[in-house]
>>> print(open('input06.txt').read())   # compact mmCIF, C-alpha atoms and all ligand atoms
# COMPACT_ATOMS: atom_id res chain seq x y z
CA MET A 1 106.43 90.03 119.67
CA ALA A 2 107.10 91.81 116.39
CA LEU A 3 105.01 92.76 113.41
CA VAL A 4 106.55 91.36 110.25
CA VAL A 5 105.44 91.67 106.63
CA GLN A 6 106.33 88.71 104.43
CA LYS A 7 106.01 88.36 100.67
CA TYR A 8 105.99 85.10 98.69
CA GLY A 9 106.68 85.27 94.95
CA GLY A 10 105.09 83.32 92.11
CA SER A 11 107.28 80.22 92.21
CA SER A 12 106.94 80.04 96.00
CA VAL A 13 103.17 79.59 95.61
CA GLY A 14 103.37 77.77 92.25
CA ASP A 15 100.99 74.89 93.03
CA ALA A 16 98.78 73.50 95.80
CA ASN A 17 101.70 71.70 97.43
CA ARG A 18 103.85 74.80 97.49
CA ILE A 19 100.95 76.76 98.96
CA LYS A 20 100.61 74.21 101.77
CA GLN A 21 104.36 74.41 102.44
CA VAL A 22 104.28 78.19 102.54
CA ALA A 23 101.30 78.02 104.92
CA ARG A 24 103.32 75.74 107.22
CA ARG A 25 106.21 78.24 107.25
CA ILE A 26 103.81 81.08 108.04
CA ALA A 27 102.12 79.06 110.80
CA GLN A 28 105.48 78.22 112.41
CA ARG A 29 106.43 81.86 112.43
CA ARG A 30 103.10 82.78 113.96
CA GLU A 31 103.56 80.14 116.66
CA ALA A 32 106.93 81.70 117.45
CA GLY A 33 104.96 84.82 118.40
CA ASP A 34 105.09 87.25 115.46
CA ASP A 35 102.14 89.15 114.03
CA LEU A 36 102.09 88.65 110.28
CA VAL A 37 100.85 90.34 107.16
CA VAL A 38 101.66 88.15 104.15
CA VAL A 39 101.66 89.51 100.60
CA VAL A 40 101.45 86.97 97.78
CA SER A 41 102.11 86.99 94.04
CA ALA A 42 100.02 85.10 91.53
CA MET A 43 100.74 81.36 91.26
CA GLY A 44 103.65 80.50 88.94
CA ASP A 45 103.21 81.98 85.46
CA THR A 46 99.59 83.04 85.99
CA THR A 47 100.19 86.68 85.09
CA ASP A 48 101.87 85.74 81.79
CA GLU A 49 99.04 83.33 81.05
CA LEU A 50 96.37 85.95 81.71
CA ILE A 51 98.17 88.42 79.41
CA ALA A 52 98.40 85.75 76.69
CA LEU A 53 94.71 84.99 77.13
CA ALA A 54 93.76 88.63 76.70
CA GLU A 55 95.95 88.79 73.58
CA GLN A 56 94.04 85.89 72.09
CA ILE A 57 90.93 88.04 72.33
CA THR A 58 92.38 91.33 71.09
CA GLY A 59 95.77 92.72 70.09
CA GLU A 60 95.18 95.82 72.16
CA PRO A 61 93.27 95.03 75.32
CA GLU A 62 91.92 98.07 77.10
CA ALA A 63 94.23 98.95 79.98
CA ARG A 64 91.46 99.11 82.59
CA GLU A 65 90.07 95.69 81.77
CA LEU A 66 93.55 94.17 81.54
CA ASP A 67 94.40 95.38 85.05
CA LEU A 68 91.14 94.03 86.44
CA LEU A 69 91.92 90.71 84.76
CA LEU A 70 95.53 90.54 86.01
CA SER A 71 94.51 91.41 89.58
CA THR A 72 92.62 88.10 89.76
CA GLY A 73 95.89 86.12 89.73
CA GLU A 74 96.92 87.44 93.14
CA ILE A 75 93.38 87.12 94.48
CA VAL A 76 93.43 83.40 93.69
CA SER A 77 96.72 82.81 95.53
CA SER A 78 95.78 84.95 98.55
CA THR A 79 92.56 83.04 99.14
CA LEU A 80 94.30 79.66 98.79
CA VAL A 81 97.06 80.61 101.26
CA SER A 82 94.41 81.80 103.71
CA MET A 83 92.46 78.53 103.31
CA ALA A 84 95.65 76.51 103.84
CA LEU A 85 96.35 78.42 107.07
CA LYS A 86 92.83 77.86 108.37
CA HIS A 87 93.23 74.19 107.57
CA LEU A 88 96.26 74.23 109.87
CA GLY A 89 94.11 75.78 112.58
CA GLN A 90 95.44 79.33 112.18
CA PRO A 91 93.01 82.25 112.03
CA ALA A 92 93.60 84.01 108.70
CA VAL A 93 91.85 86.35 106.30
CA ALA A 94 92.53 87.09 102.62
CA LEU A 95 92.19 90.65 101.35
CA SER A 96 92.44 92.09 97.85
CA GLY A 97 94.72 95.12 97.44
CA ALA A 98 91.68 97.38 97.55
CA GLN A 99 90.39 95.79 100.76
CA ALA A 100 93.85 96.16 102.27
CA GLY A 101 93.67 99.92 101.65
CA ILE A 102 96.19 100.24 98.79
CA GLY A 103 95.26 103.48 96.99
CA THR A 104 96.91 104.23 93.64
CA ASP A 105 96.90 106.71 90.80
CA ARG A 106 95.13 105.87 87.52
CA ARG A 107 98.14 104.72 85.51
CA TYR A 108 96.93 101.26 84.54
CA GLY A 109 99.67 98.67 84.28
CA ARG A 110 102.15 100.84 86.15
CA ALA A 111 100.13 102.48 88.90
CA ARG A 112 101.89 104.15 91.79
CA ILE A 113 100.78 103.72 95.37
CA LEU A 114 99.52 107.08 96.66
CA LYS A 115 98.51 105.94 100.11
CA VAL A 116 98.00 102.89 102.26
CA ASP A 117 95.03 103.17 104.60
CA PRO A 118 95.95 100.56 107.23
CA GLN A 119 92.66 100.55 109.18
CA ARG A 120 91.36 97.23 107.93
CA LEU A 121 94.79 95.59 108.23
CA ARG A 122 95.06 96.81 111.84
CA ARG A 123 91.58 95.61 112.71
CA GLU A 124 92.27 92.11 111.39
CA LEU A 125 95.64 91.99 113.19
CA ASP A 126 93.98 93.15 116.42
CA GLU A 127 91.59 90.24 116.08
CA GLY A 128 94.60 87.94 116.06
CA LYS A 129 94.44 87.05 112.38
CA ILE A 130 97.20 86.45 109.89
CA VAL A 131 96.35 88.79 107.03
CA ILE A 132 97.02 87.55 103.49
CA VAL A 133 97.08 90.39 100.95
CA ALA A 134 96.89 90.03 97.17
CA GLY A 135 100.02 91.80 95.90
CA PHE A 136 100.61 93.87 92.75
CA GLN A 137 97.29 95.76 92.88
CA GLY A 138 95.41 98.70 94.27
CA ILE A 139 92.38 100.87 93.71
CA THR A 140 91.92 104.42 92.41
CA GLU A 141 89.72 107.09 94.01
CA GLU A 142 87.18 106.24 91.30
CA MET A 143 87.16 102.61 92.56
CA ASP A 144 88.90 101.15 89.53
CA ILE A 145 91.38 98.31 90.10
CA THR A 146 94.96 98.96 88.97
CA THR A 147 98.18 96.94 88.87
CA LEU A 148 101.62 98.20 89.86
CA GLY A 149 103.76 96.83 87.01
CA ARG A 150 105.46 93.45 86.61
CA GLY A 151 107.11 92.27 89.81
CA GLY A 152 105.02 94.78 91.78
CA SER A 153 104.10 92.53 94.71
CA ASP A 154 107.44 93.42 96.30
CA THR A 155 106.29 97.03 96.31
CA THR A 156 102.95 96.12 97.92
CA ALA A 157 104.87 94.36 100.71
CA VAL A 158 107.27 97.22 101.42
CA ALA A 159 104.47 99.82 101.27
CA ILE A 160 102.44 97.86 103.83
CA ALA A 161 105.52 97.39 106.04
CA ALA A 162 106.09 101.17 105.93
CA ALA A 163 102.44 102.01 106.64
CA LEU A 164 102.28 99.64 109.62
CA GLY A 165 105.75 100.50 110.92
CA ALA A 166 106.63 96.79 110.72
CA GLU A 167 109.85 95.48 112.22
CA ARG A 168 110.93 94.32 108.80
CA CYS A 169 109.80 93.14 105.39
CA GLU A 170 110.82 89.66 104.29
CA ILE A 171 110.81 88.87 100.58
CA TYR A 172 110.74 85.09 100.00
CA THR A 173 111.67 83.90 96.54
CA ASP A 174 113.33 81.07 94.60
CA VAL A 175 116.94 82.17 95.28
CA ASP A 176 118.40 82.38 98.78
CA GLY A 177 119.41 86.03 98.64
CA ILE A 178 120.98 88.73 96.48
CA TYR A 179 123.96 87.48 94.52
CA THR A 180 126.79 89.30 92.74
CA ALA A 181 125.04 88.36 89.46
CA ASP A 182 121.93 86.48 88.40
CA PRO A 183 122.63 82.83 89.36
CA ARG A 184 120.81 81.78 86.18
CA ILE A 185 123.59 83.42 84.16
CA GLU A 186 126.73 83.34 86.31
CA PRO A 187 127.81 79.83 87.42
CA ARG A 188 129.82 81.02 90.44
CA PRO A 189 128.01 83.99 91.96
CA SER A 190 128.64 85.00 95.59
CA LYS A 191 125.79 85.64 97.96
CA LEU A 192 125.85 89.06 99.62
CA PRO A 193 125.07 88.95 103.35
CA GLU A 194 123.93 92.56 103.10
CA ILE A 195 123.63 95.42 100.64
CA ARG A 196 122.76 99.11 100.87
CA TYR A 197 119.53 100.47 99.45
CA GLU A 198 121.34 102.61 96.88
CA GLU A 199 123.29 99.70 95.48
CA MET A 200 120.26 97.42 95.46
CA LEU A 201 118.26 100.16 93.74
CA GLU A 202 120.83 100.41 90.94
CA LEU A 203 121.01 96.61 90.55
CA ALA A 204 117.20 96.32 90.51
CA SER A 205 116.68 99.28 88.18
CA TYR A 206 119.26 97.86 85.77
CA GLY A 207 117.81 94.39 85.51
CA ALA A 208 118.31 92.30 88.69
CA LYS A 209 114.63 91.40 88.84
CA VAL A 210 114.97 89.70 92.23
CA MET A 211 113.56 92.96 93.68
CA HIS A 212 111.13 95.45 92.15
CA PRO A 213 113.05 98.78 92.00
CA ARG A 214 110.15 100.75 93.44
CA ALA A 215 110.10 98.44 96.46
CA VAL A 216 113.74 99.26 97.14
CA GLU A 217 113.06 102.97 96.66
CA LEU A 218 110.16 102.88 99.15
CA GLY A 219 112.28 100.88 101.57
CA ALA A 220 114.99 103.52 101.42
CA VAL A 221 112.57 106.41 101.94
CA TYR A 222 110.72 104.82 104.88
CA LYS A 223 113.77 102.97 106.25
CA VAL A 224 112.15 99.55 106.01
CA ARG A 225 114.68 96.79 106.64
CA ILE A 226 114.22 94.25 103.85
CA LEU A 227 115.37 90.65 103.99
CA VAL A 228 115.55 88.68 100.74
CA ALA A 229 115.63 84.92 101.34
CA SER A 230 114.47 81.59 99.99
CA SER A 231 111.01 80.14 100.59
CA PHE A 232 112.51 76.72 99.83
CA ASN A 233 115.21 76.54 102.53
CA ASP A 234 116.36 78.28 105.72
CA SER A 235 119.54 79.88 104.38
CA PRO A 236 120.11 83.31 106.03
CA GLY A 237 119.45 85.54 102.99
CA THR A 238 120.50 89.12 102.27
CA LEU A 239 119.58 92.16 104.34
CA ILE A 240 118.93 95.39 102.44
CA HIS A 241 119.43 98.38 104.72
CA SER A 242 120.97 101.82 105.01
CA THR A 243 124.39 101.26 106.48
CA SER A 244 126.86 98.63 105.57
CA SER A 245 129.13 97.25 108.27
CA GLY A 246 131.76 96.63 105.63
CA GLN A 247 130.97 92.98 105.15
CA VAL A 248 131.00 91.98 101.54
CA HIS A 249 130.57 88.78 99.63
CA GLY A 250 131.92 85.72 101.35
CA GLY A 251 131.57 87.60 104.65
CA SER A 252 135.14 88.87 104.58
CA PRO A 253 135.74 92.49 105.62
CA MET A 254 136.16 94.88 102.74
CA MET A 255 139.64 96.39 102.55
CA GLU A 256 139.91 99.97 101.29
CA GLN A 257 141.90 98.97 98.28
CA ARG A 258 139.81 95.95 97.43
CA ASN A 259 137.36 95.58 94.66
CA LYS A 260 134.49 98.01 95.14
CA VAL A 261 132.15 96.47 92.66
CA MET A 262 129.20 94.83 94.42
CA GLY A 263 127.45 93.17 91.51
CA ILE A 264 126.68 92.92 87.82
CA ALA A 265 123.20 93.41 86.35
CA CYS A 266 121.84 93.03 82.85
CA ASP A 267 118.62 93.95 81.12
CA ALA A 268 117.47 93.27 77.58
CA ASP A 269 114.61 95.72 77.85
CA VAL A 270 116.18 98.35 75.61
CA GLY A 271 114.51 100.22 72.75
CA ARG A 272 116.75 102.75 70.99
CA ILE A 273 115.61 105.84 69.12
CA THR A 274 117.90 108.03 67.03
CA VAL A 275 116.80 111.40 65.70
CA ARG A 276 119.05 112.34 62.77
CA GLY A 277 119.98 115.83 61.70
CA VAL A 278 118.76 117.74 64.74
CA PRO A 279 119.57 121.48 64.59
CA ASP A 280 122.08 122.27 67.34
CA ARG A 281 120.44 125.17 69.14
CA PRO A 282 119.04 125.89 72.61
CA GLY A 283 115.64 124.45 73.46
CA ILE A 284 115.76 121.46 71.14
CA ALA A 285 116.16 118.86 73.89
CA THR A 286 113.14 120.30 75.69
CA THR A 287 111.08 120.14 72.51
CA ILE A 288 111.85 116.46 72.09
CA PHE A 289 111.82 115.19 75.67
CA GLU A 290 108.93 117.17 77.17
CA PRO A 291 106.20 115.41 75.15
CA LEU A 292 107.74 112.04 76.10
CA ALA A 293 107.67 112.97 79.78
CA GLU A 294 104.07 114.14 79.44
CA ALA A 295 103.18 110.75 77.98
CA GLY A 296 104.73 109.06 81.03
CA ILE A 297 107.59 107.53 79.03
CA SER A 298 110.87 107.45 80.90
CA VAL A 299 113.96 108.01 78.87
CA ASP A 300 117.09 106.28 80.06
CA THR A 301 120.37 106.85 78.26
CA ILE A 302 120.68 110.03 76.19
CA VAL A 303 123.61 110.73 73.91
CA GLN A 304 124.01 113.80 71.75
CA ASN A 305 126.79 113.55 69.21
CA ALA A 306 129.13 116.40 68.40
CA SER A 307 127.54 118.59 65.78
CA VAL A 308 128.72 118.91 62.22
CA GLU A 309 127.63 122.15 60.51
CA ARG A 310 125.24 122.80 63.39
CA LEU A 311 123.41 119.50 62.89
CA THR A 312 123.62 116.66 65.41
CA ASP A 313 122.23 113.18 66.03
CA LEU A 314 120.35 112.55 69.25
CA THR A 315 120.17 108.97 70.52
CA PHE A 316 118.22 107.78 73.55
CA THR A 317 116.73 104.61 74.97
CA VAL A 318 113.33 103.71 76.40
CA ALA A 319 111.72 100.48 77.62
CA LYS A 320 110.78 98.18 74.71
CA ALA A 321 107.11 98.39 75.66
CA ASP A 322 107.27 102.19 75.18
CA LEU A 323 109.21 102.15 71.90
CA LYS A 324 106.29 102.28 69.48
CA ARG A 325 104.51 105.04 71.39
CA ALA A 326 107.76 106.99 71.79
CA VAL A 327 108.41 106.91 68.03
CA GLU A 328 104.85 108.10 67.36
CA ILE A 329 105.44 111.03 69.69
CA VAL A 330 108.92 111.91 68.42
CA LYS A 331 108.22 111.72 64.67
CA PRO A 332 106.01 114.84 64.41
CA VAL A 333 108.32 116.73 66.78
CA ALA A 334 111.33 115.83 64.61
CA GLN A 335 109.46 117.01 61.54
CA SER A 336 108.57 120.31 63.20
CA ILE A 337 112.24 121.09 63.96
CA GLY A 338 113.44 119.98 60.54
CA ALA A 339 115.14 116.73 61.59
CA PRO A 340 114.77 114.44 58.57
CA GLU A 341 114.85 110.98 60.12
CA VAL A 342 113.77 109.02 63.23
CA LEU A 343 115.21 105.52 63.56
CA ALA A 344 114.14 102.87 66.08
CA ASP A 345 115.75 99.56 66.91
CA THR A 346 115.91 96.78 69.50
CA GLY A 347 118.24 93.80 69.86
CA LEU A 348 120.29 95.61 72.50
CA ALA A 349 120.95 95.02 76.19
CA LYS A 350 122.34 96.94 79.12
CA VAL A 351 125.08 95.45 81.22
CA SER A 352 125.99 97.31 84.41
CA VAL A 353 128.57 97.12 87.16
CA VAL A 354 127.40 98.54 90.49
CA GLY A 355 129.25 99.44 93.68
CA ALA A 356 129.15 102.35 96.11
CA GLY A 357 132.94 102.43 96.37
CA MET A 358 133.46 103.12 92.66
CA GLN A 359 132.88 106.84 92.97
CA SER A 360 136.14 107.27 94.88
CA GLY A 361 138.33 104.93 92.85
CA PRO A 362 139.59 105.45 89.32
CA GLY A 363 139.96 102.68 86.81
CA TYR A 364 136.61 100.93 87.10
CA ALA A 365 135.29 102.19 83.79
CA ALA A 366 138.59 101.37 82.09
CA ARG A 367 138.49 97.83 83.46
CA MET A 368 134.93 97.38 82.26
CA PHE A 369 135.68 98.65 78.74
CA ARG A 370 138.84 96.56 78.47
CA THR A 371 136.99 93.42 79.56
CA LEU A 372 134.26 93.92 76.96
CA PHE A 373 136.87 94.70 74.30
CA GLN A 374 138.77 91.49 75.14
CA GLU A 375 135.51 89.56 74.73
CA GLY A 376 135.04 91.16 71.31
CA ILE A 377 131.89 92.94 72.48
CA ASN A 378 131.16 96.31 70.92
CA ILE A 379 129.92 99.11 73.18
CA GLU A 380 127.07 101.05 71.57
CA LEU A 381 126.35 103.56 74.34
CA ILE A 382 127.68 104.26 77.80
CA THR A 383 125.95 105.80 80.81
CA THR A 384 127.03 106.18 84.41
CA SER A 385 125.81 107.22 87.83
CA GLU A 386 128.03 107.78 90.86
CA ILE A 387 127.83 104.09 91.73
CA ARG A 388 127.14 102.45 88.36
CA ILE A 389 128.64 102.10 84.89
CA THR A 390 126.36 100.81 82.14
CA CYS A 391 127.27 99.77 78.61
CA ILE A 392 124.70 99.09 75.95
CA ILE A 393 125.73 96.15 73.83
CA ASP A 394 124.37 93.58 71.37
CA GLU A 395 121.66 91.57 73.16
CA GLY A 396 123.12 88.28 71.91
CA ARG A 397 126.31 88.88 73.91
CA THR A 398 124.64 89.72 77.24
CA GLU A 399 125.49 86.53 79.10
CA ASP A 400 129.11 86.54 77.85
CA ALA A 401 129.44 90.11 79.08
CA VAL A 402 128.04 89.32 82.54
CA ARG A 403 130.34 86.34 83.02
CA ALA A 404 133.43 88.16 81.76
CA LEU A 405 132.77 91.16 84.01
CA HIS A 406 132.01 88.94 87.00
CA LEU A 407 135.42 87.36 86.52
CA ALA A 408 137.24 90.62 85.81
CA PHE A 409 135.91 92.24 88.98
CA GLU A 410 136.80 89.16 91.04
CA LEU A 411 133.30 88.47 92.26
CA GLU A 412 133.30 84.67 92.08
CA GLU A 413 132.37 82.65 95.08
CA ALA A 414 135.44 82.05 97.26
P1 LIG A 501 109.54 86.06 92.58
O1 LIG A 501 108.60 85.31 91.70
O2 LIG A 501 109.79 85.38 93.89
O3 LIG A 501 109.19 87.52 92.73
P2 LIG A 501 111.55 86.72 90.61
O4 LIG A 501 111.61 85.75 89.49
O5 LIG A 501 110.87 88.01 90.39
O6 LIG A 501 110.97 85.96 91.89
O7 LIG A 501 113.03 87.04 91.12
C1 LIG A 501 113.91 86.00 91.47
C2 LIG A 501 114.90 85.77 90.33
O8 LIG A 501 115.72 86.91 90.19
C3 LIG A 501 115.88 84.66 90.57
O9 LIG A 501 115.37 83.41 90.18
C4 LIG A 501 117.10 85.08 89.75
O10 LIG A 501 117.20 84.37 88.53
C5 LIG A 501 116.83 86.54 89.43
N1 LIG A 501 117.98 87.41 89.73
C6 LIG A 501 118.48 88.34 88.88
N2 LIG A 501 119.53 88.95 89.40
C7 LIG A 501 119.75 88.40 90.63
C8 LIG A 501 120.71 88.62 91.67
N3 LIG A 501 121.68 89.55 91.54
N4 LIG A 501 120.61 87.88 92.79
C9 LIG A 501 119.64 86.96 92.94
N5 LIG A 501 118.71 86.69 91.99
C10 LIG A 501 118.75 87.40 90.84
N1 LIG A 502 102.26 88.55 89.40
C1 LIG A 502 102.86 89.80 89.02
C2 LIG A 502 103.94 89.57 87.96
O1 LIG A 502 104.17 88.48 87.53
C3 LIG A 502 103.42 90.55 90.18
C4 LIG A 502 104.52 89.86 90.96
O2 LIG A 502 104.75 88.66 90.80
O3 LIG A 502 105.18 90.54 91.77
O4 LIG A 502 104.57 90.49 87.53
MG MG A 503 109.59 89.24 91.58
>>> encode(input="input06.txt", output="structure tokens")
Amino acid sequence: MALVVQKYGGSSVGDANRIKQVARRIAQRREAGDDLVVVVSAMGDTTDELIALAEQITGEPEARELDLLLSTGEIVSSTLVSMALKHLGQPAVALSGAQAGIGTDRRYGRARILKVDPQRLRRELDEGKIVIVAGFQGITEEMDITTLGRGGSDTTAVAIAAALGAERCEIYTDVDGIYTADPRIEPRPSKLPEIRYEEMLELASYGAKVMHPRAVELGAVYKVRILVASSFNDSPGTLIHSTSSGQVHGGSPMMEQRNKVMGIACDADVGRITVRGVPDRPGIATTIFEPLAEAGISVDTIVQNASVERLTDLTFTVAKADLKRAVEIVKPVAQSIGAPEVLADTGLAKVSVVGAGMQSGPGYAARMFRTLFQEGINIELITTSEIRITCIIDEGRTEDAVRALHLAFELEEA
């Protein structure tokens, strides 16, 4: 008998019928002998609808109240799943994030889990219950309810799996695993039987929203085996873990010389800031980026152009939601160092190729740039990690770029 944490996403619990189906899947698993903690997302588009509702009241809802409001979405679905299980004769109990012991910091809308106190979860499990936990939320030391950021129920599930030392964490969604590209964009994606944490982290951080990046990060730190699979069928899914046995898409063994790109990700969440005429002297980068860090704004790509007469342009990107605040912070700093202009724009997207083998093989970047060039797509900025190459391009060309790169790196389904 194993302890397993499962998570069902929004479309998996989209209406009463879906909830009953999910309850039947959970009950079957329980009858097979496993102890279960089940984390659920809000039903369908509930979170978007609650945000829209708040916006009808005020353009700038207070962060604390907004989090309290959004947390209700997951509370609704958790109670309904629990009721459906009881209706099937299974003992179950629904818990909010706070009741499940999820303690977070105070960063509303993007709170981080500081600790999971598993006492209540353990007690309910010991009593033989299936525990249904409202995902995406936690509570601060001051007893205020927080949310973990969009897509955060994945992170709730992995954190609970880590805290309970569960056998594995199963993420059930509307696709039957991790593909070489978003199946909504690429018509012939290949399903990956398995993927390493590092590669999944890069894909997730650069736009593959099938997994919340922080869930993958937690999984890697606490060595939680994560299975991503469909809640709609019994297809085997994708295992995210630490070592790869060399199986790649299509299940064929990876040859040394073969393509080492694992997947393509894209993300239109790009806000670009350019500070013009920055004096080229030590300490300037600190002056600009420290206040952004203090405000909790993460800066992604940074490019400093070669200086002309000791003046340079500094360009960097942030999430769109942070753009306005970032400009407000940077403007006075720019003024104080004598930089005359701060420009901000959107309409851009990141497209990334990811693969752990790329670090040892030359030519990947060249192939990516050539492919985009042949598609007539201009590259605005480039950034890389050891296992990723990202180009920032015109948002309107995102899907063309993904498909062209998917083809160029020979990732289509066999
Ligand atoms: P859930 O509501 O279950 O959390 P999400 O909508 O957050 O589901 O994530 C699932 C979606 O992720 C899929 O419908 C798919 O369009 C998208 N996706 C993006 N990139 C990938 C990828 N590489 N593999 C699989 N799905 C992907
Ligand atoms: N309901 C939340 C969202 O839509 C959290 C989640 O689904 O994981 O972002
Ligand atoms: Mg999700």
>>> closest_residue(input="input06.txt", among="A:Tyr8, A:Tyr206, A:Tyr179, A:Phe136", to="Leu411 (chain A)", atoms="all atoms listed in the file")
A:Tyr179
>>> residues_near_ligand(input="input06.txt", ligand="ligand LIG 502 (chain A)", cutoff="6 Å", atoms="all atoms listed in the file", output="PyMOL selection string")
chain A and resi 9-10+41-42+47+136+150-154
>>> atom_distance(input="input06.txt", atom1="CA of Ser352 (chain A)", atom2="CA of Cys391 (chain A)")
6.4 Å
>>> residues_around(input="input06.txt", residues="Pro213 (chain A)", least_positions_apart="3", cutoff="9 Å", atoms="all atoms listed in the file", output="PDB file with C-alpha atoms, in the coordinates of the input")
ATOM      1  CA  GLY A 152     105.020  94.780  91.780  1.00  0.00           C
ATOM      2  CA  ASP A 154     107.440  93.420  96.300  1.00  0.00           C
ATOM      3  CA  THR A 155     106.290  97.030  96.310  1.00  0.00           C
ATOM      4  CA  MET A 200     120.260  97.420  95.460  1.00  0.00           C
ATOM      5  CA  LEU A 201     118.260 100.160  93.740  1.00  0.00           C
ATOM      6  CA  GLU A 202     120.830 100.410  90.940  1.00  0.00           C
ATOM      7  CA  LEU A 203     121.010  96.610  90.550  1.00  0.00           C
ATOM      8  CA  ALA A 204     117.200  96.320  90.510  1.00  0.00           C
ATOM      9  CA  SER A 205     116.680  99.280  88.180  1.00  0.00           C
ATOM     10  CA  TYR A 206     119.260  97.860  85.770  1.00  0.00           C
ATOM     11  CA  ALA A 208     118.310  92.300  88.690  1.00  0.00           C
ATOM     12  CA  LYS A 209     114.630  91.400  88.840  1.00  0.00           C
ATOM     13  CA  VAL A 216     113.740  99.260  97.140  1.00  0.00           C
ATOM     14  CA  GLU A 217     113.060 102.970  96.660  1.00  0.00           C
ATOM     15  CA  LEU A 218     110.160 102.880  99.150  1.00  0.00           C
TER      16      LEU A 218
END
>>> residues_around(input="input06.txt", residues="Leu148 (chain A)", least_positions_apart="2", cutoff="10 Å", atoms="all atoms listed in the file", output="short mmCIF file (atom, residue, chain, number, x, y, z; two decimals) with C-alpha atoms, in the coordinates of the input")
data_model
loop_
_atom_site.label_atom_id
_atom_site.label_comp_id
_atom_site.auth_asym_id
_atom_site.auth_seq_id
_atom_site.Cartn_x
_atom_site.Cartn_y
_atom_site.Cartn_z
CA ASP A 67 94.40 95.38 85.05
CA SER A 71 94.51 91.41 89.58
CA THR A 104 96.91 104.23 93.64
CA ASP A 105 96.90 106.71 90.80
CA ARG A 107 98.14 104.72 85.51
CA TYR A 108 96.93 101.26 84.54
CA GLY A 109 99.67 98.67 84.28
CA ARG A 110 102.15 100.84 86.15
CA ALA A 111 100.13 102.48 88.90
CA ARG A 112 101.89 104.15 91.79
CA ILE A 113 100.78 103.72 95.37
CA GLY A 135 100.02 91.80 95.90
CA PHE A 136 100.61 93.87 92.75
CA GLN A 137 97.29 95.76 92.88
CA GLY A 138 95.41 98.70 94.27
CA THR A 146 94.96 98.96 88.97
CA ARG A 150 105.46 93.45 86.61
CA GLY A 151 107.11 92.27 89.81
CA GLY A 152 105.02 94.78 91.78
CA SER A 153 104.10 92.53 94.71
CA ASP A 154 107.44 93.42 96.30
CA THR A 155 106.29 97.03 96.31
CA THR A 156 102.95 96.12 97.92
CA ARG A 214 110.15 100.75 93.44
#
>>> closest_residue(input="input06.txt", among="A:Ala94, A:Ala265, A:Ala63, A:Ala2", to="ligand LIG 501 (chain A)", atoms="only C-alpha atoms and all ligand atoms")
A:Ala265
>>> residues_around(input="input06.txt", residues="Pro236 (chain A)", least_positions_apart="6", cutoff="10 Å", atoms="only C-alpha atoms", output="list in words")
Asp176, Gly177, Pro193, Leu227, Val228, Ala229 and Ser230 of chain A
>>> residues_near_point(input="input06.txt", point="(96.3, 85.3, 114.3)", cutoff="9 Å", atoms="all atoms listed in the file", output="number ranges by chain")
A: 30, 35-36, 90-92, 124-131
>>> decode(input="input06.txt", residues="region 167-174 of chain A", atoms="N, CA, C and O atoms", output="JSON list (two decimals), in the first residue's frame")
[["chain", "number", "residue", "atom", "x", "y", "z"],
["A", 167, "GLU", "N", 4.90, 8.33, -2.16],
["A", 167, "GLU", "CA", 5.53, 7.49, -3.18],
["A", 167, "GLU", "C", 5.71, 8.27, -4.49],
["A", 167, "GLU", "O", 6.74, 8.26, -5.12],
["A", 168, "ARG", "N", 4.66, 8.98, -4.87],
["A", 168, "ARG", "CA", 4.79, 9.89, -6.01],
["A", 168, "ARG", "C", 3.63, 10.87, -6.07],
["A", 168, "ARG", "O", 2.64, 10.73, -5.36],
["A", 169, "CYS", "N", 3.81, 11.87, -6.94],
["A", 169, "CYS", "CA", 2.80, 12.91, -7.11],
["A", 169, "CYS", "C", 2.29, 12.80, -8.54],
["A", 169, "CYS", "O", 3.08, 12.83, -9.49],
["A", 170, "GLU", "N", 0.98, 12.65, -8.68],
["A", 170, "GLU", "CA", 0.40, 12.47, -10.01],
["A", 170, "GLU", "C", -0.40, 13.71, -10.39],
["A", 170, "GLU", "O", -1.34, 14.09, -9.70],
["A", 171, "ILE", "N", -0.01, 14.35, -11.48],
["A", 171, "ILE", "CA", -0.68, 15.57, -11.93],
["A", 171, "ILE", "C", -1.61, 15.18, -13.09],
["A", 171, "ILE", "O", -1.13, 14.82, -14.17],
["A", 172, "TYR", "N", -2.92, 15.23, -12.85],
["A", 172, "TYR", "CA", -3.88, 14.88, -13.91],
["A", 172, "TYR", "C", -4.43, 16.14, -14.56],
["A", 172, "TYR", "O", -4.87, 17.06, -13.89],
["A", 173, "THR", "N", -4.38, 16.14, -15.91],
["A", 173, "THR", "CA", -4.73, 17.35, -16.64],
["A", 173, "THR", "C", -5.48, 16.99, -17.91],
["A", 173, "THR", "O", -6.01, 15.89, -18.04],
["A", 174, "ASP", "N", -5.55, 17.95, -18.87],
["A", 174, "ASP", "CA", -6.33, 17.70, -20.08],
["A", 174, "ASP", "C", -5.47, 17.26, -21.26],
["A", 174, "ASP", "O", -5.96, 17.17, -22.38]]
